[in-house]
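Note: the block below is entry37.txt and it holds compact mmCIF, C-alpha atoms.
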# COMPACT_ATOMS: atom_id res chain seq x y z
CA MET A 17 35.58 -33.09 82.09
CA PRO A 18 37.06 -30.15 84.03
CA ARG A 19 39.38 -30.99 86.86
CA ASN A 20 37.96 -31.60 90.34
CA TRP A 21 34.66 -32.94 88.97
CA LYS A 22 33.61 -36.53 89.57
CA ARG A 23 31.14 -38.19 87.26
CA LEU A 24 28.61 -40.39 89.06
CA ASN A 25 27.84 -43.82 87.68
CA ARG A 26 24.37 -44.59 86.33
CA ALA A 27 22.99 -46.02 89.60
CA GLU A 28 24.31 -43.08 91.62
CA SER A 29 22.92 -40.63 89.05
CA VAL A 30 19.48 -42.25 89.12
CA ALA A 31 19.46 -42.08 92.94
CA ILE A 32 20.21 -38.35 92.78
CA LEU A 33 17.58 -37.73 90.09
CA GLU A 34 14.98 -39.61 92.13
CA LYS A 35 15.71 -37.50 95.22
CA LEU A 36 15.58 -34.37 93.13
CA GLY A 37 12.30 -35.46 91.55
CA ASP A 38 10.71 -35.72 94.98
CA GLN A 39 11.26 -32.01 95.60
CA ARG A 40 8.44 -29.57 95.05
CA ASP A 41 8.51 -27.91 91.62
CA ALA A 42 11.42 -30.11 90.60
CA LEU A 43 12.54 -29.85 87.01
CA VAL A 44 12.27 -32.99 84.96
CA PHE A 45 15.56 -34.64 84.08
CA SER A 46 15.59 -37.81 82.02
CA MET A 47 16.95 -40.80 83.97
CA THR A 48 18.60 -42.21 80.86
CA THR A 49 20.10 -39.14 79.22
CA THR A 50 21.20 -37.05 82.21
CA ASP A 51 24.77 -37.02 83.47
CA VAL A 52 25.42 -36.05 87.07
CA THR A 53 28.82 -34.72 88.12
CA ILE A 54 29.80 -33.59 91.56
CA ARG A 55 32.50 -31.37 92.99
CA ASP A 56 33.77 -30.63 96.49
CA LEU A 57 33.81 -27.03 97.65
CA THR A 58 36.53 -26.35 100.20
CA PHE A 59 34.47 -23.82 102.16
CA TYR A 60 31.59 -26.22 102.88
CA SER A 61 31.66 -29.18 105.25
CA ARG A 62 28.67 -31.09 103.88
CA TYR A 63 27.39 -29.35 100.78
CA LYS A 64 28.79 -30.10 97.34
CA LEU A 65 28.21 -28.70 93.89
CA TYR A 66 26.10 -30.88 91.58
CA ARG A 67 25.92 -30.39 87.83
CA LEU A 68 23.11 -32.08 85.92
CA VAL A 69 23.31 -32.19 82.14
CA ASN A 70 20.52 -33.52 79.95
CA TYR A 71 22.10 -34.54 76.64
CA ALA A 72 18.77 -35.33 74.99
CA THR A 73 18.07 -31.70 74.19
CA LEU A 74 19.84 -29.45 71.73
CA PRO A 75 21.55 -27.39 72.99
CA VAL A 76 22.12 -29.58 76.03
CA PHE A 77 20.36 -28.34 79.14
CA SER A 78 22.31 -28.09 82.37
CA MET A 79 21.51 -26.99 85.87
CA MET A 80 23.65 -26.59 89.00
CA TYR A 81 22.62 -27.42 92.54
CA LEU A 82 24.14 -27.16 95.98
CA SER A 83 23.30 -30.21 98.02
CA ASP A 84 24.17 -32.29 101.04
CA GLY A 85 22.80 -35.30 99.15
CA LYS A 86 19.35 -34.87 100.66
CA GLU A 87 18.21 -31.34 100.00
CA PHE A 88 18.92 -29.71 96.64
CA ILE A 89 19.20 -25.94 96.24
CA GLN A 90 19.03 -24.85 92.63
CA LEU A 91 21.49 -22.15 91.58
CA ASP A 92 19.61 -19.57 89.54
CA GLY A 93 22.18 -16.88 88.80
CA THR A 94 21.38 -14.82 91.91
CA ALA A 95 23.14 -14.75 95.27
CA GLY A 96 20.06 -15.99 97.15
CA PRO A 97 20.53 -19.77 96.77
CA ILE A 98 24.20 -19.55 97.82
CA TYR A 99 23.28 -17.58 100.93
CA THR A 100 20.59 -20.18 101.69
CA ALA A 101 23.16 -22.98 101.46
CA ASN A 102 25.51 -20.97 103.68
CA GLU A 103 22.84 -20.95 106.39
CA LYS A 104 22.39 -24.72 106.18
CA ASP A 105 26.11 -25.54 106.05
CA PRO A 106 27.95 -22.58 107.57
CA ILE A 107 30.96 -21.76 105.45
CA ARG A 108 34.56 -21.64 106.59
CA MET A 109 35.61 -18.14 105.65
CA ASP A 110 39.25 -17.19 106.11
CA GLU A 111 42.32 -16.17 104.12
CA THR A 112 42.55 -19.62 102.53
CA THR A 113 38.94 -20.01 101.45
CA ILE A 114 38.02 -16.51 100.29
CA ILE A 115 39.48 -16.93 96.79
CA PRO A 116 37.79 -20.28 96.05
CA TYR A 117 34.55 -18.88 97.50
CA LEU A 118 34.65 -15.75 95.35
CA GLU A 119 35.54 -17.76 92.23
CA PHE A 120 32.59 -20.04 92.92
CA PHE A 121 30.30 -17.10 93.65
CA PHE A 122 31.28 -15.25 90.47
CA ALA A 123 30.88 -18.41 88.40
CA GLN A 124 27.31 -18.82 89.63
CA VAL A 125 26.00 -15.29 90.06
CA GLU A 126 25.52 -13.08 87.08
CA GLY A 127 24.92 -9.34 86.88
CA SER A 128 23.11 -7.47 84.13
CA GLU A 129 26.44 -6.99 82.33
CA GLY A 130 27.18 -10.72 82.17
CA ASP A 131 29.97 -12.81 83.68
CA VAL A 132 32.28 -11.70 86.46
CA PHE A 133 35.81 -12.93 86.81
CA LEU A 134 38.48 -12.53 89.47
CA ILE A 135 41.78 -11.95 87.67
CA LYS A 136 44.66 -13.72 89.36
CA ASN A 137 47.23 -13.33 86.62
CA PRO A 138 46.47 -10.92 83.74
CA ARG A 139 49.06 -12.53 81.47
CA LYS A 140 47.02 -15.75 81.54
CA ALA A 141 43.62 -14.07 81.03
CA PRO A 142 41.93 -15.17 77.79
CA PHE A 143 41.02 -11.66 76.66
CA MET A 144 44.72 -10.76 76.42
CA GLU A 145 45.05 -12.47 73.04
CA SER A 146 42.47 -10.12 71.56
CA LEU A 147 44.34 -6.98 72.67
CA SER A 148 47.21 -5.18 70.99
CA GLU A 149 50.62 -5.33 72.65
CA GLU A 150 50.18 -1.77 73.89
CA GLN A 151 46.80 -2.61 75.42
CA GLN A 152 48.24 -5.77 76.99
CA ASN A 153 50.94 -3.70 78.64
CA ARG A 154 48.31 -1.27 79.95
CA VAL A 155 46.34 -4.16 81.48
CA VAL A 156 49.46 -5.51 83.17
CA ASP A 157 50.45 -2.05 84.42
CA MET A 158 46.99 -1.32 85.84
CA PHE A 159 46.43 -4.76 87.34
CA LYS A 160 46.11 -4.78 91.13
CA PRO A 161 47.31 -8.10 92.54
CA ILE A 162 45.09 -9.93 95.00
CA GLU A 163 45.59 -9.07 98.66
CA VAL A 164 43.68 -10.75 101.46
CA SER A 165 43.33 -9.39 104.98
CA ARG A 166 41.07 -9.57 108.04
CA ARG A 167 39.03 -6.85 109.73
CA ASP A 168 37.26 -8.02 112.87
CA ASP A 169 35.27 -11.07 111.74
CA ASP A 170 35.25 -10.10 108.07
CA THR A 171 37.62 -11.35 105.40
CA ILE A 172 38.64 -8.76 102.85
CA LEU A 173 39.98 -9.17 99.35
CA THR A 174 41.30 -6.38 97.17
CA GLY A 175 42.10 -7.14 93.59
CA THR A 176 41.11 -6.82 89.97
CA ILE A 177 37.78 -8.00 88.63
CA TYR A 178 36.59 -8.30 85.06
CA TYR A 179 32.94 -7.28 84.61
CA GLY A 180 30.91 -5.68 81.86
CA GLY A 181 33.85 -5.21 79.51
CA GLY A 182 35.93 -3.46 82.14
CA LEU A 183 38.72 -4.18 84.59
CA ILE A 184 37.69 -2.94 88.01
CA ALA A 185 39.86 -2.54 91.11
CA ALA A 186 37.61 -3.60 93.95
CA THR A 187 37.57 -4.25 97.67
CA ILE A 188 35.26 -7.10 98.56
CA VAL A 189 34.21 -7.67 102.15
CA VAL A 190 32.96 -11.14 103.01
CA ALA A 191 31.19 -11.63 106.32
CA PRO A 192 31.54 -14.90 108.26
CA ASP A 193 28.19 -16.04 106.87
CA GLY A 194 29.42 -15.56 103.29
CA LYS A 195 27.39 -12.45 102.56
CA MET A 196 29.46 -10.02 100.59
CA ALA A 197 29.68 -6.31 99.94
CA PHE A 198 31.66 -4.26 97.47
CA GLU A 199 33.26 -1.57 99.58
CA ALA A 200 35.16 0.28 96.89
CA GLN A 201 35.45 -0.10 93.16
CA SER A 202 37.14 1.94 90.49
CA LEU A 203 37.28 1.36 86.77
CA LEU A 204 40.84 0.69 85.59
CA LEU A 205 40.17 0.00 81.94
CA ASN A 206 37.11 -0.31 79.73
CA GLY A 207 36.31 -1.93 76.38
CA ILE A 208 37.75 -5.38 77.04
CA HIS A 209 35.85 -8.38 75.85
CA PHE A 210 36.11 -11.86 77.21
CA PRO A 211 35.40 -14.83 75.00
CA PRO A 212 31.74 -15.80 75.61
CA SER A 213 31.35 -17.05 79.15
CA PRO A 214 34.71 -18.14 80.54
CA TYR A 215 32.76 -20.52 82.75
CA GLY A 216 30.91 -22.10 79.83
CA HIS A 217 34.24 -22.70 78.13
CA MET A 218 35.68 -24.10 81.33
CA TRP A 219 38.56 -21.70 81.14
CA LEU A 220 41.00 -22.09 83.96
CA GLU A 221 43.62 -19.55 84.75
CA GLY A 222 45.91 -22.20 86.15
CA MET B 10 28.85 8.53 73.89
CA THR B 11 30.60 6.35 76.47
CA SER B 12 28.70 3.62 78.26
CA PRO B 13 28.41 3.88 82.06
CA ALA B 14 31.05 2.05 84.07
CA PRO B 15 29.97 -1.42 85.12
CA ASP B 16 28.92 -1.64 88.76
CA LEU B 17 29.73 -4.83 90.68
CA ARG B 18 26.84 -4.16 93.05
CA ASP B 19 24.62 -5.45 90.21
CA LEU B 20 25.52 -8.91 91.43
CA LEU B 21 23.90 -8.43 94.80
CA LYS B 22 20.59 -7.05 93.59
CA PRO B 23 17.64 -9.06 94.82
CA GLY B 24 15.51 -10.60 92.11
CA GLU B 25 13.00 -8.20 90.61
CA THR B 26 9.37 -8.43 91.61
CA LEU B 27 7.65 -9.84 88.58
CA PRO B 28 3.99 -10.49 87.80
CA PRO B 29 2.78 -14.00 88.70
CA ALA B 30 4.15 -16.61 86.29
CA GLN B 31 0.72 -17.55 84.96
CA ALA B 32 -0.09 -13.89 84.22
CA MET B 33 3.15 -13.57 82.24
CA ILE B 34 2.43 -16.75 80.31
CA ASP B 35 -1.18 -15.75 79.58
CA LYS B 36 -0.14 -12.31 78.34
CA ALA B 37 2.58 -13.79 76.13
CA LEU B 38 0.11 -16.30 74.65
CA GLU B 39 -2.32 -13.44 74.01
CA ILE B 40 0.33 -11.42 72.15
CA LEU B 41 1.57 -14.48 70.26
CA ALA B 42 -1.95 -15.19 69.03
CA HIS B 43 -1.95 -11.87 67.16
CA SER B 44 0.40 -13.36 64.57
CA GLN B 45 -0.82 -16.00 62.18
CA THR B 46 2.10 -18.33 62.95
CA GLY B 47 1.81 -17.63 66.65
CA HIS B 48 -1.92 -18.23 66.64
CA GLN B 49 -1.34 -21.72 65.29
CA LEU B 50 1.20 -22.35 68.08
CA VAL B 51 -1.21 -21.09 70.74
CA GLU B 52 -3.97 -23.35 69.43
CA PHE B 53 -1.55 -26.27 69.44
CA ALA B 54 -0.56 -25.55 73.06
CA ASP B 55 -4.20 -25.42 74.07
CA MET B 56 -5.22 -28.55 72.17
CA GLU B 57 -2.24 -30.62 73.35
CA LYS B 58 -2.46 -29.24 76.90
CA ILE B 59 1.17 -28.15 76.95
CA ASP B 60 2.31 -27.42 80.50
CA ILE B 61 4.16 -24.09 80.22
CA ARG B 62 6.37 -23.17 83.17
CA ILE B 63 8.74 -20.35 84.07
CA ILE B 64 11.94 -21.49 85.74
CA ALA B 65 14.79 -19.56 87.37
CA THR B 66 18.04 -19.98 85.45
CA PRO B 67 21.30 -18.01 85.38
CA LYS B 68 20.92 -17.14 81.68
CA PRO B 69 17.86 -16.95 79.42
CA THR B 70 17.08 -20.42 78.14
CA THR B 71 14.25 -22.71 77.09
CA TYR B 72 13.95 -26.39 77.94
CA LEU B 73 11.64 -29.11 76.75
CA PRO B 74 12.11 -31.92 79.27
CA GLU B 75 9.08 -33.77 77.91
CA SER B 76 7.09 -33.22 74.74
CA ARG B 77 4.22 -31.63 76.68
CA ALA B 78 6.30 -29.67 79.19
CA ALA B 79 7.75 -26.38 78.01
CA CYS B 80 10.02 -24.36 80.30
CA ILE B 81 11.19 -20.78 79.86
CA GLY B 82 14.08 -19.76 82.09
CA PHE B 83 15.69 -16.45 82.93
CA ASN B 84 17.59 -14.72 85.70
CA LYS B 85 15.25 -12.93 88.10
CA SER B 86 17.86 -10.24 88.73
CA ASP B 87 17.94 -9.47 85.04
CA PRO B 88 14.61 -10.60 83.55
CA VAL B 89 14.15 -10.91 79.81
CA SER B 90 12.11 -8.25 77.99
CA PRO B 91 8.45 -9.01 77.20
CA SER B 92 9.30 -9.36 73.50
CA ARG B 93 12.12 -11.83 74.25
CA PHE B 94 9.71 -13.76 76.46
CA VAL B 95 7.13 -13.99 73.66
CA LEU B 96 9.78 -15.18 71.19
CA MET B 97 11.16 -17.73 73.65
CA LEU B 98 7.63 -19.02 74.16
CA ALA B 99 7.09 -19.30 70.40
CA GLY B 100 10.36 -21.21 70.05
CA ILE B 101 9.72 -23.73 72.77
CA LEU B 102 6.15 -24.32 71.58
CA ARG B 103 7.47 -25.02 68.09
CA GLU B 104 9.94 -27.50 69.62
CA ALA B 105 7.07 -29.22 71.41
CA GLN B 106 5.15 -29.31 68.14
CA GLN B 107 8.13 -30.93 66.41
CA GLU B 108 8.40 -33.59 69.13
CA ILE B 109 4.70 -34.40 69.13
CA SER B 110 4.59 -34.62 65.34
CA GLY B 111 7.42 -37.16 65.45
CA VAL B 112 10.44 -34.97 64.65
CA SER B 113 12.35 -35.79 67.79
CA HIS B 114 16.00 -35.90 68.75
CA PRO B 115 17.73 -39.18 67.88
CA ASP B 116 18.63 -41.55 70.69
CA LEU B 117 22.01 -40.82 72.24
CA ASP B 118 23.56 -43.96 70.73
CA GLU B 119 22.71 -42.89 67.16
CA PRO B 120 25.62 -41.72 64.96
CA GLU B 121 26.84 -38.15 65.34
CA GLU B 122 25.91 -37.30 61.73
CA LYS B 123 22.28 -38.13 62.44
CA HIS B 124 22.29 -35.88 65.51
CA ILE B 125 23.76 -33.03 63.46
CA GLU B 126 21.37 -33.55 60.55
CA ILE B 127 18.22 -33.68 62.67
CA GLY B 128 19.43 -31.06 65.11
CA LEU B 129 20.12 -28.55 62.34
CA ALA B 130 16.79 -29.26 60.61
CA LYS B 131 14.90 -28.73 63.88
CA GLN B 132 16.80 -25.54 64.63
CA GLU B 133 16.24 -24.16 61.12
CA ASP B 134 12.52 -24.87 61.35
CA LYS B 135 12.32 -23.26 64.78
CA VAL B 136 14.18 -20.12 63.72
CA TRP B 137 11.98 -19.83 60.64
CA HIS B 138 8.94 -19.84 62.92
CA LEU B 139 10.55 -17.22 65.15
CA CYS B 140 11.16 -15.01 62.11
CA SER B 141 7.54 -15.46 60.98
CA VAL B 142 6.22 -14.50 64.41
CA ALA B 143 8.57 -11.51 64.72
CA PHE B 144 7.73 -10.15 61.26
CA GLU B 145 3.99 -10.73 61.64
CA LEU B 146 3.89 -8.94 64.99
CA SER B 147 6.20 -6.13 63.85
CA ASP B 148 3.84 -5.38 60.99
CA GLN B 149 1.13 -4.46 63.51
CA PRO B 150 1.31 -0.86 64.83
CA LYS B 151 0.16 -1.86 68.32
CA PHE B 152 3.33 -3.95 68.75
CA THR B 153 5.82 -1.45 67.35
CA GLU B 154 7.27 -0.61 70.75
CA TYR B 155 8.01 -4.28 71.41
CA ASN B 156 10.78 -4.18 68.74
CA PHE B 157 10.41 -7.88 67.99
CA LEU B 158 12.93 -7.83 65.14
CA ASP B 159 15.58 -6.08 67.24
CA GLU B 160 15.05 -8.61 69.99
CA LEU B 161 15.30 -11.53 67.59
CA GLY B 162 18.55 -10.05 66.34
CA LYS B 163 19.85 -9.80 69.90
CA MET B 164 19.05 -13.49 70.29
CA GLY B 165 21.67 -14.11 67.60
CA HIS B 166 19.43 -14.42 64.55
CA HIS B 167 20.51 -11.39 62.48
CA GLU B 168 21.38 -13.53 59.46
CA SER B 169 18.10 -15.42 59.62
CA ILE B 170 16.18 -12.14 59.72
CA GLU B 171 17.92 -10.97 56.55
CA LEU B 172 17.36 -14.31 54.81
CA PHE B 173 13.72 -14.27 55.82
CA ARG B 174 13.33 -10.68 54.59
CA LYS B 175 14.88 -11.55 51.22
CA GLN B 176 12.61 -14.54 50.82
CA GLU B 177 9.55 -12.47 51.73
CA ARG B 178 10.49 -9.87 49.12
CA SER B 179 11.02 -12.48 46.42
CA GLY B 180 7.60 -13.86 47.29
With the file now loaded, output its structure as structure tokens.
Amino acid sequence: MPRNWKRLNRAESVAILEKLGDQRDALVFSMTTTDVTIRDLTFYSRYKLYRLVNYATLPVFSMMYLSDGKEFIQLDGTAGPIYTANEKDPIRMDETTIIPYLEFFFAQVEGSEGDVFLIKNPRKAPFMESLSEEQQNRVVDMFKPIEVSRRDDDTILTGTIYYGGGLIAATIVVAPDGKMAFEAQSLLLNGIHFPPSPYGHMWLEG
Amino acid sequence: MTSPAPDLRDLLKPGETLPPAQAMIDKALEILAHSQTGHQLVEFADMEKIDIRIIATPKPTTYLPESRAACIGFNKSDPVSPSRFVLMLAGILREAQQEISGVSHPDLDEPEEKHIEIGLAKQEDKVWHLCSVAFELSDQPKFTEYNFLDELGKMGHHESIELFRKQERSG
């Protein structure tokens, strides 16, 4: 199990599944073959991240939820559910929480070009192994390290993002309510391919 | 030709406005019924009263939580194509058919080998049905623009398409 996740015991899992089952349009998860794991998110006070995995199907079926233990908000790959949770449990957004928030956001929200990843250290990025030494040096040379600053109430991060086979230098503005905007972006390098879903493979940069 | 640079603003697009779920399901069933294999799946769904639902998921997926409940999931910001939707429907209906006819997943405490053996057999059977549906619909001029075979390939079944084609040729 990835670090920071806690696996609930059977009784705790059943209690969660029962609460979830009471919700309108709830998906069916087997009480006997579903594992529930839970993870704290530093930017929320009450809400946590829940991961439900039904091992009785092949491939296994999993779904993520944000929840305070009573109400469950299903994460569907768009920003909407995260913004909804932010309204119910206002996030703490500052220089210390912006990176965990963006990593969480990018892990859950997907664009038409697939996964998004905030690069903290290019030398530890998994795609590096697939590049020639010359290409690796280009990535390192072009990499813009993360910088965090404040502008009025907004928290701003500039850095390097992987998306759609490219490395992009971007400025991301996060409002106090967690809503974000991409203020500037420029393509540094194209034609890079991550292993399929770094999130699915639980890749951690360290 | 170079592909356009990826745009991070993609992530913040609101979900697309789609037709009502039931309209999408009905249309997909209607198209599916134009293939012989698909027609049999549609009749099965009708006879067994399979509850077909569309769910919102980060990536395209299908899920059979119960033998008579078939879910098709995709990301509303990046919806699947109509042809992918039809093929996903065919696949999950075939899974339901397997379950109802007694070919179900082993219990979790069964040995790993049994899981692999049954899992692979179920998957092979399902993919064979997908190939049948895709070829049968592709043979009909009115579905040419749906590019069912291309879509099946994009779903990761290039090898199965070639195997199926070879078997069809050898009769």
Go through chain B residue by residue and, counting all atoms listed in the file, keep those with an atom at most 10 Å from chain A; for each kept residue give the shortest atom pair and its distance in Å to one decimal, ordered by chain and increasing number, as a Markdown table.
| residue | atom | partner | partner_atom | distance |
| --- | --- | --- | --- | --- |
| B:Thr11 | CA | A:Asn206 | CA | 9.9 |
| B:Ser12 | CA | A:Asn206 | CA | 9.4 |
| B:Pro13 | CA | A:Gly180 | CA | 9.9 |
| B:Ala14 | CA | A:Leu203 | CA | 6.8 |
| B:Pro15 | CA | A:Gly180 | CA | 5.4 |
| B:Asp16 | CA | A:Gln201 | CA | 8.0 |
| B:Leu17 | CA | A:Phe198 | CA | 7.1 |
| B:Arg18 | CA | A:Phe198 | CA | 6.5 |
| B:Asp19 | CA | A:Gly127 | CA | 5.1 |
| B:Leu20 | CA | A:Gly127 | CA | 4.6 |
| B:Leu21 | CA | A:Ala95 | CA | 6.4 |
| B:Lys22 | CA | A:Thr94 | CA | 8.0 |
| B:Pro23 | CA | A:Thr94 | CA | 7.5 |
| B:Gly24 | CA | A:Thr94 | CA | 7.2 |
| B:Arg62 | CA | A:Leu43 | CA | 9.9 |
| B:Ile64 | CA | A:Leu43 | CA | 8.5 |
| B:Ala65 | CA | A:Asp92 | CA | 5.3 |
| B:Thr66 | CA | A:Asp92 | CA | 4.4 |
| B:Pro67 | CA | A:Gly93 | CA | 3.7 |
| B:Lys68 | CA | A:Gly93 | CA | 7.2 |
| B:Thr70 | CA | A:Phe77 | CA | 8.6 |
| B:Thr71 | CA | A:Phe77 | CA | 8.6 |
| B:Tyr72 | CA | A:Phe77 | CA | 6.8 |
| B:Leu73 | CA | A:Thr73 | CA | 7.4 |
| B:Pro74 | CA | A:Val44 | CA | 5.8 |
| B:Glu75 | CA | A:Val44 | CA | 7.8 |
| B:Ala78 | CA | A:Val44 | CA | 8.9 |
| B:Cys80 | CA | A:Leu43 | CA | 9.0 |
| B:Gly82 | CA | A:Asp92 | CA | 9.3 |
| B:Phe83 | CA | A:Asp92 | CA | 8.3 |
| B:Asn84 | CA | A:Gly93 | CA | 5.9 |
| B:Lys85 | CA | A:Thr94 | CA | 7.5 |
| B:Ser86 | CA | A:Thr94 | CA | 6.6 |
| B:Asp87 | CA | A:Ser128 | CA | 5.6 |
| B:Pro88 | CA | A:Ser128 | CA | 9.1 |
| B:Ser113 | CA | A:Thr73 | CA | 9.5 |
| B:His114 | CA | A:Ala72 | CA | 6.9 |
| B:Pro115 | CA | A:Ala72 | CA | 8.2 |
| B:Asp116 | CA | A:Ala72 | CA | 7.6 |
| B:Leu117 | CA | A:Ala72 | CA | 6.9 |
| B:His124 | CA | A:Leu74 | CA | 9.3 |
| B:Ile125 | CA | A:Leu74 | CA | 9.8 |
| B:Gly128 | CA | A:Leu74 | CA | 6.8 |
| B:Leu129 | CA | A:Leu74 | CA | 9.4 |
| B:Lys131 | CA | A:Leu74 | CA | 9.3 |
| B:Gln132 | CA | A:Leu74 | CA | 8.7 |
Keeping only C-alpha atoms, write the selected residues to a file as a PDB file, in the frame of the given file.
ATOM      1  CA  THR B  11      30.600   6.350  76.470  1.00  0.00           C
ATOM      2  CA  SER B  12      28.700   3.620  78.260  1.00  0.00           C
ATOM      3  CA  PRO B  13      28.410   3.880  82.060  1.00  0.00           C
ATOM      4  CA  ALA B  14      31.050   2.050  84.070  1.00  0.00           C
ATOM      5  CA  PRO B  15      29.970  -1.420  85.120  1.00  0.00           C
ATOM      6  CA  ASP B  16      28.920  -1.640  88.760  1.00  0.00           C
ATOM      7  CA  LEU B  17      29.730  -4.830  90.680  1.00  0.00           C
ATOM      8  CA  ARG B  18      26.840  -4.160  93.050  1.00  0.00           C
ATOM      9  CA  ASP B  19      24.620  -5.450  90.210  1.00  0.00           C
ATOM     10  CA  LEU B  20      25.520  -8.910  91.430  1.00  0.00           C
ATOM     11  CA  LEU B  21      23.900  -8.430  94.800  1.00  0.00           C
ATOM     12  CA  LYS B  22      20.590  -7.050  93.590  1.00  0.00           C
ATOM     13  CA  PRO B  23      17.640  -9.060  94.820  1.00  0.00           C
ATOM     14  CA  GLY B  24      15.510 -10.600  92.110  1.00  0.00           C
ATOM     15  CA  ARG B  62       6.370 -23.170  83.170  1.00  0.00           C
ATOM     16  CA  ILE B  64      11.940 -21.490  85.740  1.00  0.00           C
ATOM     17  CA  ALA B  65      14.790 -19.560  87.370  1.00  0.00           C
ATOM     18  CA  THR B  66      18.040 -19.980  85.450  1.00  0.00           C
ATOM     19  CA  PRO B  67      21.300 -18.010  85.380  1.00  0.00           C
ATOM     20  CA  LYS B  68      20.920 -17.140  81.680  1.00  0.00           C
ATOM     21  CA  THR B  70      17.080 -20.420  78.140  1.00  0.00           C
ATOM     22  CA  THR B  71      14.250 -22.710  77.090  1.00  0.00           C
ATOM     23  CA  TYR B  72      13.950 -26.390  77.940  1.00  0.00           C
ATOM     24  CA  LEU B  73      11.640 -29.110  76.750  1.00  0.00           C
ATOM     25  CA  PRO B  74      12.110 -31.920  79.270  1.00  0.00           C
ATOM     26  CA  GLU B  75       9.080 -33.770  77.910  1.00  0.00           C
ATOM     27  CA  ALA B  78       6.300 -29.670  79.190  1.00  0.00           C
ATOM     28  CA  CYS B  80      10.020 -24.360  80.300  1.00  0.00           C
ATOM     29  CA  GLY B  82      14.080 -19.760  82.090  1.00  0.00           C
ATOM     30  CA  PHE B  83      15.690 -16.450  82.930  1.00  0.00           C
ATOM     31  CA  ASN B  84      17.590 -14.720  85.700  1.00  0.00           C
ATOM     32  CA  LYS B  85      15.250 -12.930  88.100  1.00  0.00           C
ATOM     33  CA  SER B  86      17.860 -10.240  88.730  1.00  0.00           C
ATOM     34  CA  ASP B  87      17.940  -9.470  85.040  1.00  0.00           C
ATOM     35  CA  PRO B  88      14.610 -10.600  83.550  1.00  0.00           C
ATOM     36  CA  SER B 113      12.350 -35.790  67.790  1.00  0.00           C
ATOM     37  CA  HIS B 114      16.000 -35.900  68.750  1.00  0.00           C
ATOM     38  CA  PRO B 115      17.730 -39.180  67.880  1.00  0.00           C
ATOM     39  CA  ASP B 116      18.630 -41.550  70.690  1.00  0.00           C
ATOM     40  CA  LEU B 117      22.010 -40.820  72.240  1.00  0.00           C
ATOM     41  CA  HIS B 124      22.290 -35.880  65.510  1.00  0.00           C
ATOM     42  CA  ILE B 125      23.760 -33.030  63.460  1.00  0.00           C
ATOM     43  CA  GLY B 128      19.430 -31.060  65.110  1.00  0.00           C
ATOM     44  CA  LEU B 129      20.120 -28.550  62.340  1.00  0.00           C
ATOM     45  CA  LYS B 131      14.900 -28.730  63.880  1.00  0.00           C
ATOM     46  CA  GLN B 132      16.800 -25.540  64.630  1.00  0.00           C
TER      47      GLN B 132
END
- Scan for residues within 10 Å of the point (6.8, -18.3, 75.1) in the coordinates of the file, using all atoms listed in the file, and reply as a ChimeraX atom specification. /B:33-38,40-41,47,50-51,61-63,71,79-81,91-103
Selected residues, C-alpha atoms, written as a compact mmCIF listing (two decimals), keeping the file's coordinate frame, please.
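Wrote it out as out37.txt, contents follow:
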# COMPACT_ATOMS: atom_id res chain seq x y z
CA MET B 33 3.15 -13.57 82.24
CA ILE B 34 2.43 -16.75 80.31
CA ASP B 35 -1.18 -15.75 79.58
CA LYS B 36 -0.14 -12.31 78.34
CA ALA B 37 2.58 -13.79 76.13
CA LEU B 38 0.11 -16.30 74.65
CA ILE B 40 0.33 -11.42 72.15
CA LEU B 41 1.57 -14.48 70.26
CA GLY B 47 1.81 -17.63 66.65
CA LEU B 50 1.20 -22.35 68.08
CA VAL B 51 -1.21 -21.09 70.74
CA ILE B 61 4.16 -24.09 80.22
CA ARG B 62 6.37 -23.17 83.17
CA ILE B 63 8.74 -20.35 84.07
CA THR B 71 14.25 -22.71 77.09
CA ALA B 79 7.75 -26.38 78.01
CA CYS B 80 10.02 -24.36 80.30
CA ILE B 81 11.19 -20.78 79.86
CA PRO B 91 8.45 -9.01 77.20
CA SER B 92 9.30 -9.36 73.50
CA ARG B 93 12.12 -11.83 74.25
CA PHE B 94 9.71 -13.76 76.46
CA VAL B 95 7.13 -13.99 73.66
CA LEU B 96 9.78 -15.18 71.19
CA MET B 97 11.16 -17.73 73.65
CA LEU B 98 7.63 -19.02 74.16
CA ALA B 99 7.09 -19.30 70.40
CA GLY B 100 10.36 -21.21 70.05
CA ILE B 101 9.72 -23.73 72.77
CA LEU B 102 6.15 -24.32 71.58
CA ARG B 103 7.47 -25.02 68.09
- Give the answer as one residue: which of B:Glu52, B:Glu121, B:Asp60, B:Glu171 has the shortest atom-to-atom distance to Gln31 of chain B, using only C-alpha atoms?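 The shortest atom-to-atom distance to Gln31 of chain B comes from B:Asp60.
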- Which value, in Å to one decimal, gives the distance between atom CA of Glu160 of chain B and atom CA of Gln45 of chain B?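 Going from atom CA of Glu160 of chain B over to atom CA of Gln45 of chain B covers 19.2 Å.
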Who sits within 9 Å of Asn102 of chain A, only C-alpha atoms, same chain under 5 positions skipped, as a tab-separated table (two decimals) with C-alpha atoms, in the coordinates of the input:
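As a result, out27.tsv now contains:
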chain	number	residue	atom	x	y	z
A	60	TYR	CA	31.59	-26.22	102.88
A	97	PRO	CA	20.53	-19.77	96.77
A	107	ILE	CA	30.96	-21.76	105.45
A	193	ASP	CA	28.19	-16.04	106.87
A	194	GLY	CA	29.42	-15.56	103.29
A	195	LYS	CA	27.39	-12.45	102.56
Residues within 12 Å of Asp157 of chain A, only C-alpha atoms, excluding chain neighbours under 6 positions, as a short mmCIF file (atom, residue, chain, number, x, y, z; two decimals) with C-alpha atoms, keeping the file's coordinate frame:
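Full text of part18.cif as output:
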data_model
loop_
_atom_site.label_atom_id
_atom_site.label_comp_id
_atom_site.auth_asym_id
_atom_site.auth_seq_id
_atom_site.Cartn_x
_atom_site.Cartn_y
_atom_site.Cartn_z
CA ASN A 137 47.23 -13.33 86.62
CA PRO A 138 46.47 -10.92 83.74
CA ARG A 139 49.06 -12.53 81.47
CA GLU A 150 50.18 -1.77 73.89
CA GLN A 151 46.80 -2.61 75.42
CA THR A 176 41.11 -6.82 89.97
CA LEU A 183 38.72 -4.18 84.59
CA LEU A 204 40.84 0.69 85.59
CA LEU A 205 40.17 0.00 81.94
#
